[in-house]
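J.: Please read through the structure below; I'll follow up with questions.
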Amino acid sequence: MFLFRPNHQNIPSSSQIGGKGVGLARLECLVSSKTDWRVPPWFAITTDAFRTVMTDKLVGKSPSECASIIRSISIPGALREEVEREFERLETNSVAVRSSAVSEDGAHASFAGQLESRLFVTRDLLWEAIREVWISGFSDRALEYARRHRAEPDAVAVIVQCMIDAEIAGVSFAIDPVNGNRKAVTISSVYGLGEGLVSGELDADTYTEVSGIIEARIVEKVYAIRAAPNGGTRTENVRTELRNTSSLSDAQVISISSATRAISRTIGSPQDIEWAIDATGQCYLLQARPITGLEHLPDMTQTRTVFDNSNITESFPGITLPLTFSFVRDVYSEVYRQFVRVMGVHERDIANQPETFRMLGYFKGRIYYNLLSWHGVVAMLPFYNVNAGFMEQMMGVKERLATPAPPKSRARSLARMPRLIFDLLRRYRGIARDLERFHTQLDAMLAPYESRDMTADSSHELAGHYRALEHGLLRNWTTPIVNDFFVMIFYGLLKALTKKWISSEPGLENDLLSGEGGLISAEPGKRMAGLAEAIRRVDGLADELDTLAPSEIVARLHQEETVLPLLTMYLQRFGNRWMEELKLETITPSEEPALLGEIIQGTLREQPRSNKSDIRVTAEAKMRAALKRSFFRRRLYRYVLRVARERVKGRENLRFERTRAFAVVRNIFLSIGLEFAREGILDEARDIFFLTKEEVFSFIEGTAVTIDLRSLVNSRKSAFALYALEHVPDRFETYGIASFGNEFKSMATTEPAGDILAGLGCSAGSVRGIARLVRNPKSPGDLRGTIMIAERTDPGWAPLFSLVRGIAVERGSLLSHSAIVARELGIPCVVGIPGLMNLLHDGEPIEIDGRAGTVRKCEDS
C-alpha cells in the first residue's frame with residue numbers, strides 16, 4: 001500500500017503511516033460527526049512507498065550520502081501518478097507536506113522540530129518537498145534525537161494536507177505544563193500560522209482554562225507568519241490595533257478547551273493539539289499527539305506530601321525489605337493513634353483523619369517519615385506552633401517545614417485545649433509509674449518467646465504468636481511514645497532556657513545532659529571491655545586471637561572455660577543489639593555469634609578507655625553562676641534539666657526494649673520462612689523478608705491474592721537489586737499519586753565546602769586524629785586512635801564508640817542515638833553534616849569540636 005486515504009473508520013498502525021498519520025486518522029474518526037471542528041483533507045504516502053523507492057540503498061550511509069541518494073533517485077511512475085491524483089482530489093492550490101516517522105508523536109518521543117515540514121507547497125514543488133521530508137528523517141539532528149530516546153531510525157511516511165491560511169493558530173495542552181494540573185487546558189495562540197509559535201520565533205498569548213474560568217496572559221504580538229505570494233511563508237507585521245489585544249475570544253478559548261478534553265478523553269491520554277482558525281471563523285484540527293514527558297510532570301495542584309528520612313535512617317538505613325516495612329508501617333500508625341487517644345484527643349477526631357496516621361513512606365526500598373502526617377499528629381495537641389519545632393528538632397529535620405497544621409486539626413485542638421492540657425498533666429505525673437509498669441508487662445510478654453524454640457511450631461501457630469504479641473504489646477506501646485513526647489517538650493525547653501538564661505554558647509545544654517549514667521546502650525561496650533580483660537588474663541590467648549580471622553574468634557573462645565560464660569552472657573543479653581537491628585532481615589550475633597569476632601579483636605588491640613571529663617561539672621558551674629541571683633529561674637531551670645535528663649535516659653533505654661520486641665518478631669517470621677522453605681514454597685528461609693506480612697499471613701490463612709510466592713520473591717529480588725544501585729534523596733516532595741509523575745528530586749541544602757564542615761555539636765570536647773570512614777560497621781577496620789566518620793549510626797554501633805577518640809556523623813539530631821551515647825561516654829561528637837562521607841577521605845587528619853559542631857580538615861603533620 002503506497003497511499004492511505006482517511007475513511008473515518010480505519011486507523012492503520014504507525015508502522016504504515018507514522019505517528020503523526022495515526023494521530024490525524026484518529027482525529028478524522030473523532031470529528032466526523034461534528035460540524036464546529038474539522039480536519040483539513042489529507043492523505044499519507046506510506047512507509048511501504050518509501051521502502052519501495054529506496055530498497056536498501058540507504059543502509060550504512062552517512063546523513064550526507066542519504067541526502068544525495070534521496071534527491072537523485074528516480075520515483076516509480078505508478079507511485080508518482082497515484083500521489084498526483086490524490087493531490088487533485090484535495091481540490092487545493094497548496095498543501096502542507098509534513099513528516100510522519102514511525103516513532104514520531106509517540107508517547108515517549110515527539111520528534112518535535114526534528115523533522116522537516118514544508119508549507120504552502122504548490123503542485124510543481126510537491127516532489128521536491130516530499131524528498132526533503134524523507135531526507136530529514138536521516139539528518140544528524142534526527143538520528144541523535146532518536147538515539148537519545150532509544151528510538152530506531154526508520155522509513156518516513158509523509159503527510160500531504162490541504163493548507164489552511166490561518167488568521168489565528170496555536171497549540172492546546174490537555175494539562176497545565178507548568179504545574180501539571182490535569183483539570184486545566186493550556187492554550188497558546190498567535191496571529192497567522194502556528195509555525196512561529198512551535199518554533200519559538202514568535203511570542204504567544206497564553207490561556208489557562210479550568211472549569212470555565214479563564215486566566216489569560218496577553219503579550220504584544222508584533223509579527224505574524226503568513227503565506228507568501230509565490231508559495232512558502234513570510235513574516236508580516238501585525239496591525240497596530242491588534243498587537244496588544246487578545247488573539248482569542250472567551251468563546252473560542254472554551255471551544256478549544258472542550259475539543260482538547262474530548263479528544264484526550266477518547267484517545268485515553270492527555271493530548272498536545274495543533275489547531276487553526278481561518279478568516280471565516282472555521283476551526284481546524286491539524287494534528288494531535290500524546291504529551292511527552294508526562295511521567296516527569298506531577299500535578300502540583302493535587303495533594304502535596306513531604307518525605308524526609310532524617311534520623312529514621314538510624315533505625316532503617318539504606319535498603320529495607322518489604323516485610324520490615326509492612327511491619328513498622330502498621331506499628332507506627334497504630335502507636336500514634338494510641339498516643340493521641342491517651343493524650344485526650346476525641347475519638348471522632350481520630351476517626352475523621354485516617355490520612356494523618358500514614359506516618360511512613362517507602363520508596364525504592366527506603367523508609368521515610370511522612371512529615372505532613374507528623375505535623376498533623378502534633379496539631380491534634382495544644383501549642384502546635386511551639387511543639388512542631390520541638391518535634392522537628394527531635395527528628396533531626398534539617399529544614400523546618402513551612403506548612404501550617406491542617407486547619408481542622410488546629411480548630412478542634414483549640415476547642416478542646418483545657419481537657420487536653422489536663423490529660424497532658426495527668427500523663428506527665430504518672431510517666432515514671434507507667435514506665436515501670438510497661439517494663440514489667442514487656443518482660444512478661446517477651447520472656448516466653450525469647451526462651452522458646454519456635455522452629456518446631458507450625459505456621460498457623462507462629463501466626464498466632466504474632467497476633468498475640470501484636471495485641472498484647474505492639475498495640476500497647478503508648479508509654480514509650482508518651483515518654484518521647486515529653487523528651488521533645490523538655491529538651492526543647494532546656495535548649496531555649498539555656499540560650500536565654502545561661503549562655504548562647506552552642507551545645508551547653510548537651511554538656512548538662514552528659515554523664516548521666518544508667519544508659520543501657522553503653523553496656524555492650526562495657527561488657528565487651530570486660531570480656532577483653534578476661535581474655536588478657538588467659539596466658540597467650542589475646543596474641544593468638546590477634547592472628548585469627550575474625551570469623552574464627554568466637555569458636556576459639558568456646559574452648560576457654562573462664563571466658564565462655566562472659567561471652568554467653570553477652571549473647572544472651574545483647575545478642576540482638578547489632579547494626580541495623582530493627583530490620584527484620586538483619587542477621588544478628590544471636591543468630592550467628594561469629595559476627596562478634598571483629599569487635600572482640602578490635603577491643604583487644606587497644607584497651608578501651610573512658611573519655612569522660614569534667615564537661616558536666618564545668619557546665620553545671622556555668623549554670624549556677626548564671627542563675628544565682630534568681631531563685632525562680634534557678635528552681636525552674638533545675639526542674640526542667642532534671643526531667644530532661646530522666647526522660648532522655650528513659651528514651652534511650654526504651655530503645656533496647658524495642659530491640660527485644662523486634663527480635664521476637666524476627667524469629668517468628670524466620671521460623672515461618674523455614675517451614676516455607678521445607679515445603680518448597682520458597683527457595684530459602686530468608687526469602688520470607690521479601691514478602692509483606694499481609695502476604696505471609698494471607699497465604700497461611702487462605703486469603704492470598706497471589707499464591708506463587710517464589711515468583712513474587714524473585715521479582716522483588718530483581719527490583720531491589722536495582723534499587724540498591726540508585727541514589728535517593730534524603731528529602732523530597734510529591735504531588736498527587738506519590739509513586740507516579742514525581743522525580744524524587746532532593747530538597748536538601750547544598751553540601752558544605754571548604755576545610756571547616758559545620759553540623760550540630762552534641763557532645764563537647766575537641767580532639768584531633770585520623771579520620772576513619774566506617775561504611776560497614778560489621779567490618780570497621782582499625783579504629784585505634786581515630787575519629788570515626790559514618791553516614792549514620794544505630795544502637796548496634798555502641799561497642800565501637802568506646803574505641804575511638806571522637807565521632808562525626810553525616811545524619812542525626814541532638815537526640816539521636818550517637819549523640820546520647822557519646823555524651824554518656826564523654827566522647828566529642830558532631831552530627832548532621834551534609835555529605836560528610838564524600839567530603840573526607842579515610843586516613844585524613846581532622847580536628848573535631850563537639851561543642852562548636854565543626855569538623856576541620858588539618859594539614860598533614
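Chains: A, B, ... in order of the C-alpha cells. Residues: from 1 per chain. Ligands: from 1, in order shown.
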With only C-alpha atoms as the counted atoms, please give the residues lying no more than 10 Å from Arg400 in chain A, apart from itself and same-chain residues fewer than 3 positions off, as a list of chain:residue names.

T.: A:Ala388, A:Gly389, A:Glu392, A:Gln393, A:Val397, A:Thr403

J.: Export, as an mmCIF file, in the first residue's frame, the selected residues with all heavy atoms.

T.:
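The result, stored in selection26.cif:
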```cif
data_model
loop_
_atom_site.group_PDB
_atom_site.id
_atom_site.type_symbol
_atom_site.label_atom_id
_atom_site.label_comp_id
_atom_site.auth_asym_id
_atom_site.auth_seq_id
_atom_site.Cartn_x
_atom_site.Cartn_y
_atom_site.Cartn_z
ATOM 1 N N ALA A 388 5.703 21.882 67.144
ATOM 2 C CA ALA A 388 6.140 21.446 65.816
ATOM 3 C C ALA A 388 7.640 21.637 65.655
ATOM 4 O O ALA A 388 8.337 20.783 65.088
ATOM 5 C CB ALA A 388 5.387 22.222 64.731
ATOM 6 N N GLY A 389 8.154 22.756 66.162
ATOM 7 C CA GLY A 389 9.602 22.987 66.101
ATOM 8 C C GLY A 389 10.361 21.997 66.953
ATOM 9 O O GLY A 389 11.408 21.476 66.552
ATOM 10 N N GLU A 392 10.480 18.591 65.100
ATOM 11 C CA GLU A 392 11.436 18.507 64.006
ATOM 12 C C GLU A 392 12.866 18.489 64.533
ATOM 13 O O GLU A 392 13.746 17.823 63.965
ATOM 14 C CB GLU A 392 11.229 19.662 63.038
ATOM 15 C CG GLU A 392 9.912 19.543 62.268
ATOM 16 C CD GLU A 392 9.806 20.548 61.133
ATOM 17 O OE1 GLU A 392 10.567 21.536 61.133
ATOM 18 O OE2 GLU A 392 8.962 20.332 60.237
ATOM 19 N N GLN A 393 13.111 19.192 65.614
ATOM 20 C CA GLN A 393 14.432 19.160 66.240
ATOM 21 C C GLN A 393 14.759 17.756 66.737
ATOM 22 O O GLN A 393 15.856 17.242 66.538
ATOM 23 C CB GLN A 393 14.450 20.157 67.393
ATOM 24 C CG GLN A 393 15.737 20.199 68.190
ATOM 25 C CD GLN A 393 15.643 21.252 69.279
ATOM 26 O OE1 GLN A 393 15.860 22.431 69.038
ATOM 27 N NE2 GLN A 393 15.307 20.839 70.478
ATOM 28 N N VAL A 397 15.239 16.877 61.629
ATOM 29 C CA VAL A 397 14.890 17.519 60.361
ATOM 30 C C VAL A 397 15.735 18.774 60.201
ATOM 31 O O VAL A 397 15.739 19.644 61.061
ATOM 32 C CB VAL A 397 13.387 17.868 60.331
ATOM 33 C CG1 VAL A 397 13.049 18.654 59.076
ATOM 34 C CG2 VAL A 397 12.561 16.592 60.401
ATOM 35 N N THR A 403 4.868 24.632 56.442
ATOM 36 C CA THR A 403 3.491 24.263 56.138
ATOM 37 C C THR A 403 2.692 24.294 57.433
ATOM 38 O O THR A 403 3.061 23.635 58.397
ATOM 39 C CB THR A 403 3.414 22.852 55.539
ATOM 40 O OG1 THR A 403 4.214 22.820 54.361
ATOM 41 C CG2 THR A 403 1.984 22.488 55.187
#
```

J.: Using the chain letters and numbers from this document, which residues of range 217-291 of chain A does DSSP assign to helix (DSSP H, G or I), as a list in words?

T.: Thr240, Glu241, Leu242, Asp250, Ala251, Gln252, Val253, Ile254, Ser255, Ile256, Ser257, Ser258, Ala259, Thr260, Arg261, Ala262, Ile263, Ser264, Arg265, Thr266 and Ile267 of chain A

J.: Measuring atom to atom with only C-alpha atoms, identify which of A:Tyr332, A:Tyr362, A:Phe656, A:Tyr207 is nearest to Tyr723 in chain A.

T.: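 Using only C-alpha atoms, the shortest distance to Tyr723 in chain A belongs to A:Tyr362.
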
J.: Here is a test: counting only C-alpha atoms, which residue of A:Phe631, A:Tyr466, A:Trp134, A:Trp42 is nearest to Met445 in chain A?

T.: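 Checking each candidate against Met445 in chain A, we get A:Tyr466 as the closest.
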
J.: Extract, using only C-alpha atoms, all DNA, RNA and protein residues at most 12 Å from Phe2 in chain A, discarding same-chain residues fewer than 6 positions from it, and format them as a compact mmCIF listing (two decimals) with C-alpha atoms, in the first residue's frame.

T.:
```txt
# COMPACT_ATOMS: atom_id res chain seq x y z
CA GLN A 16 2.45 2.19 7.93
CA ILE A 17 1.71 5.91 8.17
CA PHE A 43 -3.55 11.67 2.55
CA ALA A 44 -0.39 9.84 3.57
CA ILE A 45 2.46 8.41 1.50
CA THR A 46 3.21 5.23 3.46
CA THR A 47 6.46 3.81 4.71
CA ASP A 48 5.98 0.99 2.17
CA ALA A 49 6.27 3.58 -0.59
CA PHE A 50 9.48 4.88 0.94
CA ARG A 51 10.96 1.39 1.19
CA THR A 52 9.93 0.56 -2.38
CA VAL A 53 11.69 3.63 -3.68
CA PRO A 76 8.47 4.92 -9.88
CA ALA A 78 2.96 4.32 -10.62
CA LEU A 79 3.70 6.00 -7.28
CA ARG A 80 4.13 9.40 -8.91
CA GLU A 81 0.81 9.11 -10.73
CA GLU A 82 -1.06 7.94 -7.61
CA VAL A 83 0.28 10.81 -5.49
CA GLU A 86 -4.61 12.38 -4.70
CA ALA A 157 5.85 8.40 5.92
CA VAL A 158 4.73 11.75 4.50
```

J.: Between A:Val830, A:Val222, A:Ala738, A:Leu641, which residue has the minimum interatomic distance to Ala764 in chain A, considering only C-alpha atoms?

T.: A:Val830

J.: So that I can see what lies close to Leu30 in chain A, please list as a list in words the residues with an atom at most 10 Å from it, counting only C-alpha atoms and leaving out residues fewer than 5 positions away in the same chain.

T.: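 Residues near the query, excluding close chain neighbours: His8, Gln9, Leu24, Ala25, Trp37, Arg38, Val39, Ala259, Ala262, Ile263, Thr266 and Ile267 of chain A.
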
J.: Emit the selected residues as a PDB file, in the first residue's frame, including N, CA, C and O atoms.

T.:
```pdb
ATOM      1  N   HIS A   8     -12.628   7.656   8.051  1.00  0.00           N
ATOM      2  CA  HIS A   8     -13.430   7.814   9.272  1.00  0.00           C
ATOM      3  C   HIS A   8     -13.632   6.500  10.033  1.00  0.00           C
ATOM      4  O   HIS A   8     -14.367   6.479  11.011  1.00  0.00           O
ATOM      5  N   GLN A   9     -13.049   5.420   9.591  1.00  0.00           N
ATOM      6  CA  GLN A   9     -13.258   4.131  10.260  1.00  0.00           C
ATOM      7  C   GLN A   9     -11.933   3.428  10.542  1.00  0.00           C
ATOM      8  O   GLN A   9     -11.665   2.992  11.643  1.00  0.00           O
ATOM      9  N   LEU A  24      -3.695  11.903  13.021  1.00  0.00           N
ATOM     10  CA  LEU A  24      -4.679  12.515  12.119  1.00  0.00           C
ATOM     11  C   LEU A  24      -5.842  11.579  11.828  1.00  0.00           C
ATOM     12  O   LEU A  24      -7.001  12.000  11.763  1.00  0.00           O
ATOM     13  N   ALA A  25      -5.544  10.285  11.635  1.00  0.00           N
ATOM     14  CA  ALA A  25      -6.616   9.317  11.376  1.00  0.00           C
ATOM     15  C   ALA A  25      -7.569   9.244  12.560  1.00  0.00           C
ATOM     16  O   ALA A  25      -8.793   9.130  12.378  1.00  0.00           O
ATOM     17  N   TRP A  37     -15.737  21.628  14.332  1.00  0.00           N
ATOM     18  CA  TRP A  37     -14.310  21.381  14.125  1.00  0.00           C
ATOM     19  C   TRP A  37     -14.129  20.452  12.926  1.00  0.00           C
ATOM     20  O   TRP A  37     -14.890  19.516  12.730  1.00  0.00           O
ATOM     21  N   ARG A  38     -13.105  20.724  12.160  1.00  0.00           N
ATOM     22  CA  ARG A  38     -12.827  19.891  11.002  1.00  0.00           C
ATOM     23  C   ARG A  38     -11.339  19.553  10.947  1.00  0.00           C
ATOM     24  O   ARG A  38     -10.502  20.265  11.505  1.00  0.00           O
ATOM     25  N   VAL A  39     -11.048  18.469  10.220  1.00  0.00           N
ATOM     26  CA  VAL A  39      -9.668  18.121   9.890  1.00  0.00           C
ATOM     27  C   VAL A  39      -9.471  18.433   8.416  1.00  0.00           C
ATOM     28  O   VAL A  39     -10.234  17.941   7.569  1.00  0.00           O
ATOM     29  N   ALA A 259     -12.818  20.841  22.968  1.00  0.00           N
ATOM     30  CA  ALA A 259     -12.344  19.883  21.964  1.00  0.00           C
ATOM     31  C   ALA A 259     -11.106  19.136  22.464  1.00  0.00           C
ATOM     32  O   ALA A 259     -10.973  17.925  22.261  1.00  0.00           O
ATOM     33  N   ALA A 262     -12.216  16.530  25.015  1.00  0.00           N
ATOM     34  CA  ALA A 262     -12.962  15.432  24.388  1.00  0.00           C
ATOM     35  C   ALA A 262     -12.031  14.496  23.634  1.00  0.00           C
ATOM     36  O   ALA A 262     -12.145  13.265  23.723  1.00  0.00           O
ATOM     37  N   ILE A 263     -11.085  15.062  22.895  1.00  0.00           N
ATOM     38  CA  ILE A 263     -10.140  14.240  22.139  1.00  0.00           C
ATOM     39  C   ILE A 263      -9.249  13.442  23.090  1.00  0.00           C
ATOM     40  O   ILE A 263      -9.020  12.251  22.897  1.00  0.00           O
ATOM     41  N   THR A 266     -11.224  10.578  24.681  1.00  0.00           N
ATOM     42  CA  THR A 266     -11.500   9.482  23.750  1.00  0.00           C
ATOM     43  C   THR A 266     -10.241   8.676  23.445  1.00  0.00           C
ATOM     44  O   THR A 266     -10.258   7.442  23.427  1.00  0.00           O
ATOM     45  N   ILE A 267      -9.124   9.361  23.250  1.00  0.00           N
ATOM     46  CA  ILE A 267      -7.868   8.667  22.958  1.00  0.00           C
ATOM     47  C   ILE A 267      -7.344   7.952  24.193  1.00  0.00           C
ATOM     48  O   ILE A 267      -6.736   6.886  24.098  1.00  0.00           O
TER      49      ILE A 267
END
```

J.: Restricting the calculation to only C-alpha atoms, which member of A:Glu450, A:Glu505, A:Glu847, A:Glu743 is positioned closest to Asp755 in chain A?

T.: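 Distance minimum relative to Asp755 in chain A lands on A:Glu847.
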
J.: Choose the residue, out of A:Ser247, A:Ser74, A:Ser68, A:Asn476, that has the smallest atom-to-atom separation from Ile277 in chain A; count only C-alpha atoms.

T.: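 Of A:Ser247, A:Ser74, A:Ser68, A:Asn476, the one nearest Ile277 in chain A is A:Ser247, counting only C-alpha atoms.
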
J.: Give me the residues within 12 Å of Ile827 in chain A as a VMD selection string, counting only C-alpha atoms and dropping any in the same chain fewer than 4 places off.

T.: chain A and resid 511 514 to 515 609 to 615 761 to 767 786 to 788 800 to 808 818 to 823 848 to 851

J.: Convert the current residue selection to file output with N, CA and C atoms, as a short mmCIF file (atom, residue, chain, number, x, y, z; two decimals), in the first residue's frame.

T.:
```cif
data_model
loop_
_atom_site.label_atom_id
_atom_site.label_comp_id
_atom_site.auth_asym_id
_atom_site.auth_seq_id
_atom_site.Cartn_x
_atom_site.Cartn_y
_atom_site.Cartn_z
N ASP A 511 26.04 19.47 77.23
CA ASP A 511 27.02 19.21 78.29
C ASP A 511 26.32 18.89 79.60
N SER A 514 25.20 15.28 79.70
CA SER A 514 26.22 14.23 79.58
C SER A 514 26.49 13.57 80.92
N GLY A 515 27.04 12.35 80.84
CA GLY A 515 27.48 11.64 82.04
C GLY A 515 26.38 11.29 83.01
N ARG A 609 39.00 2.75 76.72
CA ARG A 609 39.21 3.73 77.77
C ARG A 609 38.03 4.66 77.87
N SER A 610 37.81 5.13 79.02
CA SER A 610 36.74 6.12 79.20
C SER A 610 37.27 7.49 78.85
N ASN A 611 36.52 8.22 78.08
CA ASN A 611 36.90 9.57 77.70
C ASN A 611 36.18 10.61 78.56
N LYS A 612 35.63 10.16 79.67
CA LYS A 612 34.86 11.09 80.50
C LYS A 612 35.76 12.20 81.02
N SER A 613 35.21 13.36 81.11
CA SER A 613 35.96 14.51 81.59
C SER A 613 35.07 15.29 82.55
N ASP A 614 35.46 16.48 82.85
CA ASP A 614 34.66 17.32 83.75
C ASP A 614 33.72 18.22 82.98
N ILE A 615 33.30 17.76 81.78
CA ILE A 615 32.42 18.58 80.94
C ILE A 615 31.15 18.94 81.69
N GLY A 761 26.83 20.30 67.15
CA GLY A 761 27.64 19.81 68.26
C GLY A 761 26.74 19.20 69.31
N CYS A 762 27.02 17.95 69.70
CA CYS A 762 26.12 17.31 70.66
C CYS A 762 26.84 16.64 71.81
N SER A 763 28.16 16.62 71.80
CA SER A 763 28.92 16.12 72.94
C SER A 763 30.24 16.88 72.95
N ALA A 764 30.45 17.69 73.99
CA ALA A 764 31.54 18.65 73.99
C ALA A 764 32.90 17.97 74.03
N GLY A 765 33.90 18.74 73.64
CA GLY A 765 35.27 18.27 73.63
C GLY A 765 35.89 18.49 72.27
N SER A 766 37.19 18.71 72.25
CA SER A 766 37.90 18.91 70.99
C SER A 766 39.04 17.91 70.94
N VAL A 767 39.16 17.25 69.80
CA VAL A 767 40.19 16.22 69.67
C VAL A 767 40.66 16.18 68.23
N THR A 786 41.53 6.82 66.31
CA THR A 786 40.91 7.50 65.17
C THR A 786 39.66 8.27 65.59
N ILE A 787 39.18 9.08 64.65
CA ILE A 787 37.87 9.71 64.77
C ILE A 787 36.96 9.00 63.78
N MET A 788 35.92 8.38 64.30
CA MET A 788 35.04 7.59 63.45
C MET A 788 34.10 8.49 62.66
N LEU A 800 31.58 0.04 69.36
CA LEU A 800 32.67 0.72 68.66
C LEU A 800 32.99 2.07 69.29
N PHE A 801 32.01 2.67 69.99
CA PHE A 801 32.17 4.04 70.45
C PHE A 801 33.32 4.20 71.43
N SER A 802 33.46 3.24 72.33
CA SER A 802 34.48 3.40 73.37
C SER A 802 35.89 3.15 72.85
N LEU A 803 36.01 2.80 71.56
CA LEU A 803 37.33 2.53 70.98
C LEU A 803 37.90 3.73 70.24
N VAL A 804 37.11 4.81 70.07
CA VAL A 804 37.55 5.92 69.23
C VAL A 804 37.70 7.19 70.04
N ARG A 805 38.38 8.18 69.45
CA ARG A 805 38.63 9.44 70.15
C ARG A 805 37.50 10.43 69.93
N GLY A 806 36.79 10.28 68.83
CA GLY A 806 35.70 11.19 68.52
C GLY A 806 34.80 10.59 67.45
N ILE A 807 33.64 11.21 67.26
CA ILE A 807 32.65 10.68 66.32
C ILE A 807 32.07 11.85 65.53
N ALA A 808 31.96 11.67 64.21
CA ALA A 808 31.26 12.64 63.36
C ALA A 808 30.33 11.85 62.45
N SER A 818 23.60 8.31 68.51
CA SER A 818 25.02 8.63 68.57
C SER A 818 25.28 9.79 69.53
N ALA A 819 24.39 10.78 69.55
CA ALA A 819 24.55 11.93 70.43
C ALA A 819 24.41 11.52 71.89
N ILE A 820 23.40 10.72 72.19
CA ILE A 820 23.13 10.34 73.58
C ILE A 820 24.26 9.46 74.14
N VAL A 821 24.68 8.45 73.39
CA VAL A 821 25.72 7.55 73.89
C VAL A 821 27.06 8.25 73.97
N ALA A 822 27.36 9.14 72.99
CA ALA A 822 28.62 9.89 73.04
C ALA A 822 28.67 10.76 74.29
N ARG A 823 27.55 11.40 74.63
CA ARG A 823 27.52 12.20 75.85
C ARG A 823 27.73 11.33 77.08
N ILE A 848 37.97 17.62 65.49
CA ILE A 848 36.54 17.68 65.73
C ILE A 848 36.29 18.48 67.00
N ASP A 849 35.33 19.39 66.94
CA ASP A 849 34.93 20.19 68.10
C ASP A 849 33.47 19.90 68.39
N GLY A 850 33.23 19.09 69.42
CA GLY A 850 31.88 18.66 69.73
C GLY A 850 31.02 19.72 70.35
N ARG A 851 31.61 20.84 70.76
CA ARG A 851 30.79 21.93 71.29
C ARG A 851 30.37 22.87 70.16
#
```

J.: Go through A:Leu839, A:Val210, A:Leu119, A:Ile421 one by one, measure the shortest atom-to-atom distance of each to Ala228 in chain A using only C-alpha atoms, and give the residue with the smallest value.

T.: A:Leu119

J.: So that I can see what lies close to range 172-183 of chain A, please list as a PyMOL selection string the residues with an atom at most 8 Å from it, counting only C-alpha atoms and leaving out residues fewer than 3 positions away in the same chain.

T.: chain A and resi 186-188+208+210-211+256-257+260-261+264+270-275+291+297-302

J.: Restricted to C-alpha atoms, what would the selected residues look like written as a PDB file, in the first residue's frame?

T.:
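Output file out.pdb is given in full below:
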```pdb
ATOM      1  CA  THR A 186      -3.437  25.425  28.439  1.00  0.00           C
ATOM      2  CA  ILE A 187      -3.688  27.251  25.089  1.00  0.00           C
ATOM      3  CA  SER A 188      -1.085  29.309  23.244  1.00  0.00           C
ATOM      4  CA  THR A 208      -5.372  28.512  31.116  1.00  0.00           C
ATOM      5  CA  VAL A 210     -10.221  25.322  34.429  1.00  0.00           C
ATOM      6  CA  SER A 211     -13.940  24.632  34.904  1.00  0.00           C
ATOM      7  CA  ILE A 256     -10.712  24.834  22.010  1.00  0.00           C
ATOM      8  CA  SER A 257     -10.627  23.593  25.626  1.00  0.00           C
ATOM      9  CA  THR A 260      -8.983  19.229  23.626  1.00  0.00           C
ATOM     10  CA  ARG A 261     -10.617  17.478  26.581  1.00  0.00           C
ATOM     11  CA  SER A 264      -7.898  13.406  25.105  1.00  0.00           C
ATOM     12  CA  PRO A 270      -3.626  13.919  27.548  1.00  0.00           C
ATOM     13  CA  GLN A 271      -3.021  15.309  24.070  1.00  0.00           C
ATOM     14  CA  ASP A 272      -0.954  18.102  22.555  1.00  0.00           C
ATOM     15  CA  ILE A 273      -3.130  19.527  19.734  1.00  0.00           C
ATOM     16  CA  GLU A 274      -2.280  21.945  16.944  1.00  0.00           C
ATOM     17  CA  TRP A 275      -5.234  23.927  15.595  1.00  0.00           C
ATOM     18  CA  ILE A 291       2.064  14.903  25.666  1.00  0.00           C
ATOM     19  CA  LEU A 297       5.243  16.143  35.451  1.00  0.00           C
ATOM     20  CA  PRO A 298       3.474  15.825  38.812  1.00  0.00           C
ATOM     21  CA  ASP A 299       0.133  17.535  39.300  1.00  0.00           C
ATOM     22  CA  MET A 300       1.178  20.223  41.732  1.00  0.00           C
ATOM     23  CA  THR A 301      -2.440  21.199  42.393  1.00  0.00           C
ATOM     24  CA  GLN A 302      -3.039  17.803  43.985  1.00  0.00           C
TER      25      GLN A 302
END
```

J.: Could the residues of range 603-720 of chain A that have an atom at most 9 Å from range 439-443 of chain A be listed as a tab-separated table, each with its closest atom pair and the distance in Å to one decimal, counting only C-alpha atoms and ordered by chain and ascending residue number?

T.:
```
residue	atom	partner	partner_atom	distance
A:Leu654	CA	A:His439	CA	8.7
A:Glu657	CA	A:Leu442	CA	7.8
A:Ala661	CA	A:Leu442	CA	8.4
```

J.: When you look at Phe662 in chain A with a cut-off of 8 Å (counting only C-alpha atoms), what residues show up, excluding the ones that are within fewer than 4 positions of it in the same chain? I need them as a compact mmCIF listing (two decimals) with all heavy atoms, in the first residue's frame.

T.:
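What follows is the written file part.txt:
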```txt
# COMPACT_ATOMS: atom_id res chain seq x y z
N LEU A 582 16.87 -3.20 63.87
CA LEU A 582 15.42 -3.12 63.72
C LEU A 582 14.94 -3.60 62.36
O LEU A 582 13.73 -3.67 62.12
CB LEU A 582 14.94 -1.68 63.97
CG LEU A 582 15.17 -1.15 65.38
CD1 LEU A 582 14.52 0.22 65.54
CD2 LEU A 582 14.66 -2.11 66.43
N LEU A 584 14.10 -6.55 60.20
CA LEU A 584 13.83 -7.96 60.48
C LEU A 584 14.77 -8.87 59.71
O LEU A 584 15.07 -9.98 60.15
CB LEU A 584 12.37 -8.29 60.14
CG LEU A 584 11.31 -7.50 60.91
CD1 LEU A 584 9.91 -7.96 60.49
CD2 LEU A 584 11.49 -7.64 62.42
N ARG A 658 12.60 -2.06 72.62
CA ARG A 658 12.12 -2.17 71.25
C ARG A 658 12.94 -3.21 70.49
O ARG A 658 12.41 -4.01 69.70
CB ARG A 658 12.21 -0.80 70.56
CG ARG A 658 11.71 -0.76 69.15
CD ARG A 658 11.89 0.62 68.54
NE ARG A 658 13.28 1.04 68.52
CZ ARG A 658 13.70 2.21 68.03
NH1 ARG A 658 12.82 3.08 67.57
NH2 ARG A 658 14.97 2.52 68.03
N ARG A 666 11.24 -11.03 64.54
CA ARG A 666 12.17 -11.60 63.54
C ARG A 666 12.17 -13.11 63.62
O ARG A 666 12.09 -13.81 62.59
CB ARG A 666 13.58 -11.06 63.79
CG ARG A 666 14.64 -11.66 62.86
CD ARG A 666 16.04 -11.20 63.22
NE ARG A 666 16.20 -9.76 63.06
CZ ARG A 666 16.45 -8.92 64.05
NH1 ARG A 666 16.59 -9.37 65.30
NH2 ARG A 666 16.56 -7.63 63.81
```
